[in-house]
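J.: The structure that follows is given in the form of structure tokens.
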Amino acid sequence: MSLFKARDWWATVLGEGEEFDQGCLCVGDVDNSGSGHDKIVVGSYMGMLRVFSPHPAKPGEPSPAHSQLLEVQLRDPVIQVEVGKFVSCSDLLHLAVLHPRKLSVYSVSGTAGNVEHGVQYQLKRVYEHNLQRTACNMTYGTFGGVTDHHSLCIQSMDGMLMFFEQESYSFGRFLPGFLLPGPLCYCSRTDTFLTVSSARQVESYRYETLAVATDAETRQDAEQHSKTAGKRLTADWTLVLGEQALDLSVPYFSPSSIFVCGERNLYCLKDNGHIRFMKKLEYNPSCFLPYSSVSEGTTNTLVGNHNNMLLVYQDVTLKWAAQLSCSPVAVRLANFPDLKGVVVTLSNEGHLQCSYMGTDPSFFSTPKVDAREQDYSQIDTEMKSLQRVIRQATRTQAGRTHTHQTDEDLTVTATVSTNMDSTSAWLVWLVLRILFPVLSTLFKVLSRHVCVLTVCCVSKTIYIFLNTGVGSTTVVAFSAFLNGQYPPADLTGDVAVSYSSPTGIPRVAQCKFSLPLRLVCCPSAPSKNAKYKITVDTNKPPVNLSEVFPDFLEKSEDKEGNALAFHFLSGPRVTVLASKTSQRYRIQSESFEDIWLVAKELVQRFDRHFAKQGIKDFRNSFAGPIPLAEYFETVDHHFELRVSAEKYQDLLSERAVQFRAIQRRLLTRFKDKTPAPLQNLDTLMEGTYRQVIALADAAEENRACLNQAFVRLRSATHLLILLVSLWQGLNTEQNAILEATLLPLLQDTPQLGWEESVDAAVSHLLRTCLSRSPKDQALSLSTSQLSMPKDTVRLKKHITLLCDRLGKGGRLSLASEANVPTPVMMPGERGEECLCVSLSLCLCLSVSVCQSPLTRISVLMTNQLDHFPSVVLSLVSTPSNTAVD
């Protein structure tokens with residue numbers, strides 16, 4: 001039993017199965033009795049409206065029946081009730097009831113009875129407004145400084161504020177940047193409306209600003225008008241809260257105070273939006289109410305929470321805490337004939353309670369405990385055993401921490417098959433009608449300890465293994481094939497496995513794998529003429545290409561191994577020519593970006609070939625010049641498609657506005673009682689509709705071309721990075737900086753594109769580590785918002801300047817950028833858009849499946865996955881350094 005609890009003065013339960021919220025309760029002299037005593041008005045979501053005049057009952061007796069003055073069943077749910085002067089020709093108080101699609105104003109009157117039944121109360125509707133939009137909440141006040149009468153403002157679910165001056169509708173305004181409705185309140189001191197937007201900030205709008213803003217029937221019209229003509233609606237001031245608000249309140253007795261109850265904090269603001277004080281709450285509040293304090297300059301606040309507590313704060317100091325019988329969703333203060341300052345609370349289940357703060361004495365006394373002598377020998381034995389357990393646990397944890405880098409709980413290894421999978425290739429052709437080579441891959445996971453393991457089967461239901469034994473191995477297989485009409489930008493991928501250690505620590509094990517070049521191309525006859533040519537130099541004697549590429553000798557006509565051709569499945573051919581006298585190798589093709597995969601494979605195979613022979617000083621190089629003109633052709637093509645995408649978007653918006661305007665005019669003609677000629681509006685509407693469909697198809701086709709262009713741009717950028725690295729002999733760290741600069745994005749978005757991102761990154765390098773004078777290195781990063789440029793002239797100039805300064809001895813370094821975080825590419829974000837990998841089994845430890853974009857599942861292959869042999873994911877339990885914290 002709590003000593004501090006709310007003392008029940010009067011209570012009742014409203015109906016059965018009804019629901020209530022914070023707007024369903026209000027107090028006031030709604031029947032205009034003139035006594036100054038309040039009545040309680042309660043509405044429910046079931047449409048019940050009740051009016052109470054509480055009278056205390058004797059102890060042990062139920063609440064007297066005459067406490068309820070009125071009970072009426074309304075047809076619509078009641079969202080909010082308010083008492084005010086809502087009738088223009090009367091100074092009496094009336095009751096405003098807000099329904100989802102209607103606002104009704106009633107008068108509550110009592111007729112004295114001549115018999116013992118007493119006073120009979122009636123609810124009479126004075127007027128009502130049918131709403132065109134679904135209402136959320138409302139507020140009232142003397143808008144515009146008008147005295148003696150109250151106007152109403154209703155906020156709709158789509159962000160429109162509808163203003164009513166008693167019986168007439170005034171105007172409606174859409175809130176800018178609206179997403180979800182928030183609490184709404186009116187401040188009469190400044191004649192402003194306060195709300196908390198979905199951006200989690202308090203916004204204040206002046207009534208004068210709302211009145212003169214551009215009128216619109218829909219949100220789209222409001223946004224269109226604000227761009228073309230008329231007054232644009234803007235907030236008088238805003239304050240970022242960082243959390244959603246539960247309610248707002250502007251007490252009349254406290255000068256320049258606005259109270260906001262957030263999810264975790266209680267705020268008190270000044271009328272200009274500055275914070276007076278803030279109180280951090282250690283619980284989840286359910287309702288609040290500021291009221292006047294006896295101390296001058298302070299304000300008391302009642303705060304209810306979901307722990308059935310009612311707390312009283314004086315500014316930020318907790319003064320009282322009382323236990324309630326239920327969690328309140330609304331709280332009010334009322335004056336009744338026998339008691340003033342009664343706390344009225346309402347729960348969401350309909351528990352209506354009138355209480356006051358007090359204490360109940362506790363009559364419980366703690367019984368005496370029999371005195372017993374302590375057995376100190378037993379206590380000493382227990383203490384020693386506990387200390388032994390603590391030392392053992394500490395020693396085990398320290399040992400595990402020391403060997404963490406070398407002894408992992410779980411190891412992931414990847415095995416890529418060198419042979420194509422004919423069975424899976426036949427299934428790909430059966431579904432997609434495209435004959436692609438398919439490669440089997442295995443991933444093996446070895447577990448050193450027992451841990452939770454979940455294996456997901458794509459084509460079947462989910463299998464759950466409660467644990468994996470020590471040393472157990474799990475193998476997962478999948479097949480990979482080309483998905484697209486153009487080569488991918490990369491053939492590498494990552495596998496990440498998340499799991500929990502025996503002590504409950506979450507960890508991630510990771511490994512990388514590379515798919516062979518044979519997956520996306522096949523051998524072909526060499527071609528001696530091509531548009532684009534790249535020459536790679538080596539410091540060792542010429543090598544027979546047949547020894548370096550033994551898997552591409554099927555159609556080679558050159559017996560000496562001086563020429564080799566690669567025919568990509570998407571169409572282009574790439575030829576590699578080896579000089580007979582010098583140490584040079586030429587890579588040529590009709591497409592600049594298609595050289596990338598072959599050039600990368602050539603450099604890597606040369607490194608492996610000479611490493612097997614024990615040659616340690618082998619080096620690849622590129623004599624230059626860097627083919628920037630060819631690279632900029634790819635950049636310009638990508639940028640043109642981005643510009644086209646924006647044009648299509650603008651044209652679609654214009655045609656959509658025109659289509660809606662024609663619809664409205666036609667609807668007006670059809671609703672007219674005296675039919676008027678259509679004046680070819682139907683023909684214009686059909687033509688506009690066809691234009692919208694044609695533009696949408698063109699925009700979709702442009703989007704597909706843009707995706708392909710970005711993949712080709714990534715391939716060309718990879719090739720440029722490789723050539724610059726060979727040209728200047730960049731080390732691994734410098735090469736990573738250059739790659740992060742020129743490839744900051746994995747895909748384009750309408751908000752952020754490749755051009756502006758690369759331009760900002762390159763400009764930063766030119767101002768820091770590649771600057772001409774050391775004093776320029778102190779410049780900080782620009783915080784301006786990136787936007788799509790008008791052209792690529794500035795970008796191409798900066799990339800040219802970057803290559804020029806690297807050629808003159810500049811070196812990429814982050815040493816002068818101590819305060820700038822190094823950009824890191826997350827595992828699995830390689831962006832293999834052109835490869836589709838069908839998982840026969842996809843492994844996930846403990847939580848979820850972790851896979852790179854390379855291992856995305858082809859939806860079309862879902863039902864055939866049982867027939868795929870496999871690329872295998874193997875979960876093995878041997879020590880490895882592939883785990884990632």
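Labels used: A, B, ... for chains in the order of the structure tokens, numbers from 1 for residues in each chain, and numbers from 1 for ligands as shown.
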Do you know which residues are at most 9 Å from Gly43 (chain A) counting only C-alpha atoms, after dropping those on the same chain fewer than 2 positions away, and could you put them as a VMD selection string?
T.: chain A and resid 20 23 to 25 41 45 to 51 77 to 81 97
J.: Kindly export the residues of the current selection with N, CA and C atoms, as an mmCIF file, in the first residue's frame.
T.:
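Final output, out-v9.cif:
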data_model
loop_
_atom_site.group_PDB
_atom_site.id
_atom_site.type_symbol
_atom_site.label_atom_id
_atom_site.label_comp_id
_atom_site.auth_asym_id
_atom_site.auth_seq_id
_atom_site.Cartn_x
_atom_site.Cartn_y
_atom_site.Cartn_z
ATOM 1 N N PHE A 20 -11.163 6.149 -24.742
ATOM 2 C CA PHE A 20 -11.062 7.585 -24.503
ATOM 3 C C PHE A 20 -9.625 8.030 -24.737
ATOM 4 N N GLY A 23 -8.272 14.292 -25.610
ATOM 5 C CA GLY A 23 -9.225 15.319 -26.000
ATOM 6 C C GLY A 23 -10.646 15.040 -25.584
ATOM 7 N N CYS A 24 -10.892 13.919 -24.955
ATOM 8 C CA CYS A 24 -12.262 13.510 -24.623
ATOM 9 C C CYS A 24 -12.741 14.073 -23.288
ATOM 10 N N LEU A 25 -11.954 14.890 -22.613
ATOM 11 C CA LEU A 25 -12.323 15.405 -21.286
ATOM 12 C C LEU A 25 -12.179 16.915 -21.267
ATOM 13 N N VAL A 41 -17.415 17.183 -18.695
ATOM 14 C CA VAL A 41 -17.942 16.715 -19.973
ATOM 15 C C VAL A 41 -16.972 15.668 -20.526
ATOM 16 N N TYR A 45 -14.940 7.496 -28.038
ATOM 17 C CA TYR A 45 -14.818 7.125 -29.438
ATOM 18 C C TYR A 45 -16.022 6.318 -29.912
ATOM 19 N N MET A 46 -16.861 5.846 -28.988
ATOM 20 C CA MET A 46 -18.083 5.136 -29.361
ATOM 21 C C MET A 46 -19.246 6.090 -29.602
ATOM 22 N N GLY A 47 -19.015 7.414 -29.466
ATOM 23 C CA GLY A 47 -20.059 8.381 -29.735
ATOM 24 C C GLY A 47 -20.895 8.761 -28.536
ATOM 25 N N MET A 48 -20.525 8.338 -27.323
ATOM 26 C CA MET A 48 -21.281 8.682 -26.120
ATOM 27 C C MET A 48 -20.787 10.016 -25.563
ATOM 28 N N LEU A 49 -21.744 10.892 -25.226
ATOM 29 C CA LEU A 49 -21.433 12.184 -24.615
ATOM 30 C C LEU A 49 -22.112 12.241 -23.258
ATOM 31 N N ARG A 50 -21.304 12.485 -22.211
ATOM 32 C CA ARG A 50 -21.831 12.493 -20.844
ATOM 33 C C ARG A 50 -21.409 13.784 -20.155
ATOM 34 N N VAL A 51 -22.313 14.279 -19.286
ATOM 35 C CA VAL A 51 -22.052 15.466 -18.483
ATOM 36 C C VAL A 51 -22.299 15.093 -17.027
ATOM 37 N N PRO A 77 -18.040 9.146 -33.732
ATOM 38 C CA PRO A 77 -17.087 9.150 -32.614
ATOM 39 C C PRO A 77 -16.734 10.581 -32.198
ATOM 40 N N VAL A 78 -16.486 10.760 -30.916
ATOM 41 C CA VAL A 78 -16.122 12.062 -30.369
ATOM 42 C C VAL A 78 -14.605 12.117 -30.226
ATOM 43 N N ILE A 79 -13.983 13.045 -30.956
ATOM 44 C CA ILE A 79 -12.525 13.190 -30.901
ATOM 45 C C ILE A 79 -12.114 14.156 -29.801
ATOM 46 N N GLN A 80 -12.858 15.269 -29.663
ATOM 47 C CA GLN A 80 -12.480 16.290 -28.689
ATOM 48 C C GLN A 80 -13.718 17.081 -28.290
ATOM 49 N N VAL A 81 -13.740 17.539 -27.041
ATOM 50 C CA VAL A 81 -14.818 18.391 -26.522
ATOM 51 C C VAL A 81 -14.196 19.616 -25.879
ATOM 52 N N VAL A 97 -18.234 19.953 -30.018
ATOM 53 C CA VAL A 97 -17.913 18.527 -30.115
ATOM 54 C C VAL A 97 -17.327 18.284 -31.498
#
J.: Please give the complete set of residues from region 225-262 of chain A that DSSP, run on the backbone, assigns to strand (DSSP E or B), formatted as a list in words.
T.: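 Across region 225-262 of chain A, those assigned strand (DSSP E or B) are Trp237, Thr238, Leu239, Val240, Ala245, Leu246, Asp247, Leu248, Ser249, Ile258, Phe259, Val260, Cys261 and Gly262 of chain A.
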J.: Quick check, in Å to one decimal: how far apart do CA of Gly687 (chain A) and CA of Thr668 (chain A) lie?
T.: 19.6 Å
J.: Suppose you want the space between CA of Phe86 (chain A) and CA of His149 (chain A); what is it in Å?
T.: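 Computed distance, CA of Phe86 (chain A) to CA of His149 (chain A), equals 6.5 Å.
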J.: What does the distance between CA of Leu346 (chain A) and CA of Val331 (chain A) come to in Å, to one decimal place?
T.: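 For CA of Leu346 (chain A) relative to CA of Val331 (chain A), the distance reads 6.6 Å.
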J.: Determine, using only C-alpha atoms, which residues of region 79-181 of chain A have any atom at most 12 Å from an atom of region 248-266 of chain A, and tabulate each with its shortest atom pair and distance in Å to one decimal place, rows ordered by chain and then rising number, as a Markdown table.
T.:
| residue | atom | partner | partner_atom | distance |
| --- | --- | --- | --- | --- |
| A:Thr139 | CA | A:Ser249 | CA | 10.7 |
| A:Tyr140 | CA | A:Val250 | CA | 11.9 |
| A:Gly141 | CA | A:Val250 | CA | 11.4 |
J.: Fewer than 3 positions away in the same chain doesn't count, so skip those; otherwise give me all residues within 8 Å of region 585-596 of chain A, counting only C-alpha atoms, as a ChimeraX atom specification.
T.: /A:487,529-537,572-579,599-600,630-631,712-713,715-716,718-719
J.: So which residues touch Thr581 (chain A) within 12 Å, counting only C-alpha atoms, skipping near sequence neighbours fewer than 3 positions away, as a list of chain:residue names?
T.: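 With the cut-off at 12 Å, the set is A:Lys540, A:Pro541, A:Pro542, A:Val543, A:Asn562, A:Ala578, A:Arg584, A:Tyr585.
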J.: Set the distance at 10 Å and use only C-alpha atoms: which residues neighbour Asp748 (chain A) once local chain neighbours fewer than 5 positions away are removed? I'd like the list as a PyMOL selection string.
T.: chain A and resi 642+706-707+710+753-755
J.: Would you mind telling me which residue in A:Leu152, A:Asp158, A:Val196, A:Ser500 lies nearest to Thr134 (chain A) when using only C-alpha atoms?
T.: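 Comparing A:Leu152, A:Asp158, A:Val196, A:Ser500 against Thr134 (chain A), the winner is A:Asp158.
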J.: Name the closest residue to Glu16 (chain A) among the candidates A:Arg660, A:Thr214, A:Thr298, A:His351; distances are taken between atoms, counting only C-alpha atoms.
T.: A:His351
J.: If DSSP is run on the backbone, what residues of region 638-678 of chain A are alpha helix (DSSP H)? A reply as a count of residues only would be ideal.
T.: 34
J.: Can you pull out every residue within 10 Å of Ser327 (chain A), counting only C-alpha atoms, but drop anything in the same chain fewer than 3 positions away, and send it as number ranges by chain?
T.: A: 285-287, 304-310, 323-324, 330, 345-349, 351
J.: Restrict the selected residues to N, CA and C atoms and save them as a compact mmCIF listing (two decimals), in the first residue's frame.
T.:
# COMPACT_ATOMS: atom_id res chain seq x y z
N PRO A 285 5.53 9.85 -19.80
CA PRO A 285 4.34 10.60 -19.40
C PRO A 285 3.14 10.23 -20.26
N SER A 286 1.96 10.37 -19.69
CA SER A 286 0.72 10.10 -20.41
C SER A 286 -0.14 11.35 -20.58
N CYS A 287 0.02 12.34 -19.70
CA CYS A 287 -0.73 13.60 -19.81
C CYS A 287 -0.08 14.62 -18.88
N GLY A 304 0.99 13.04 -15.36
CA GLY A 304 0.62 11.64 -15.16
C GLY A 304 1.47 10.74 -16.01
N ASN A 305 1.74 9.54 -15.53
CA ASN A 305 2.56 8.61 -16.31
C ASN A 305 1.88 7.25 -16.38
N HIS A 306 2.52 6.34 -17.11
CA HIS A 306 1.94 5.01 -17.33
C HIS A 306 2.20 4.06 -16.17
N ASN A 307 2.82 4.55 -15.11
CA ASN A 307 3.00 3.76 -13.89
C ASN A 307 1.94 4.07 -12.85
N ASN A 308 0.82 4.65 -13.30
CA ASN A 308 -0.30 5.01 -12.42
C ASN A 308 0.11 6.04 -11.37
N MET A 309 1.00 6.94 -11.74
CA MET A 309 1.46 7.95 -10.81
C MET A 309 1.03 9.33 -11.30
N LEU A 310 0.75 10.23 -10.34
CA LEU A 310 0.45 11.63 -10.63
C LEU A 310 1.46 12.47 -9.84
N GLN A 323 -0.19 8.08 -5.90
CA GLN A 323 -0.56 6.86 -6.63
C GLN A 323 -2.01 6.95 -7.07
N LEU A 324 -2.27 6.62 -8.36
CA LEU A 324 -3.62 6.56 -8.88
C LEU A 324 -4.03 5.11 -9.09
N ALA A 330 -5.90 11.97 -19.58
CA ALA A 330 -6.30 13.37 -19.55
C ALA A 330 -6.45 13.79 -18.10
N THR A 345 -9.24 13.12 -13.44
CA THR A 345 -8.44 12.28 -14.34
C THR A 345 -9.35 11.31 -15.07
N LEU A 346 -8.94 10.96 -16.30
CA LEU A 346 -9.69 10.02 -17.14
C LEU A 346 -8.70 9.05 -17.75
N SER A 347 -9.00 7.76 -17.66
CA SER A 347 -8.15 6.73 -18.26
C SER A 347 -8.70 6.35 -19.63
N ASN A 348 -7.90 5.63 -20.38
CA ASN A 348 -8.34 5.24 -21.73
C ASN A 348 -9.45 4.21 -21.70
N GLU A 349 -9.70 3.57 -20.56
CA GLU A 349 -10.77 2.59 -20.44
C GLU A 349 -12.02 3.18 -19.81
N HIS A 351 -12.19 5.17 -16.74
CA HIS A 351 -12.21 5.39 -15.29
C HIS A 351 -12.10 6.90 -15.04
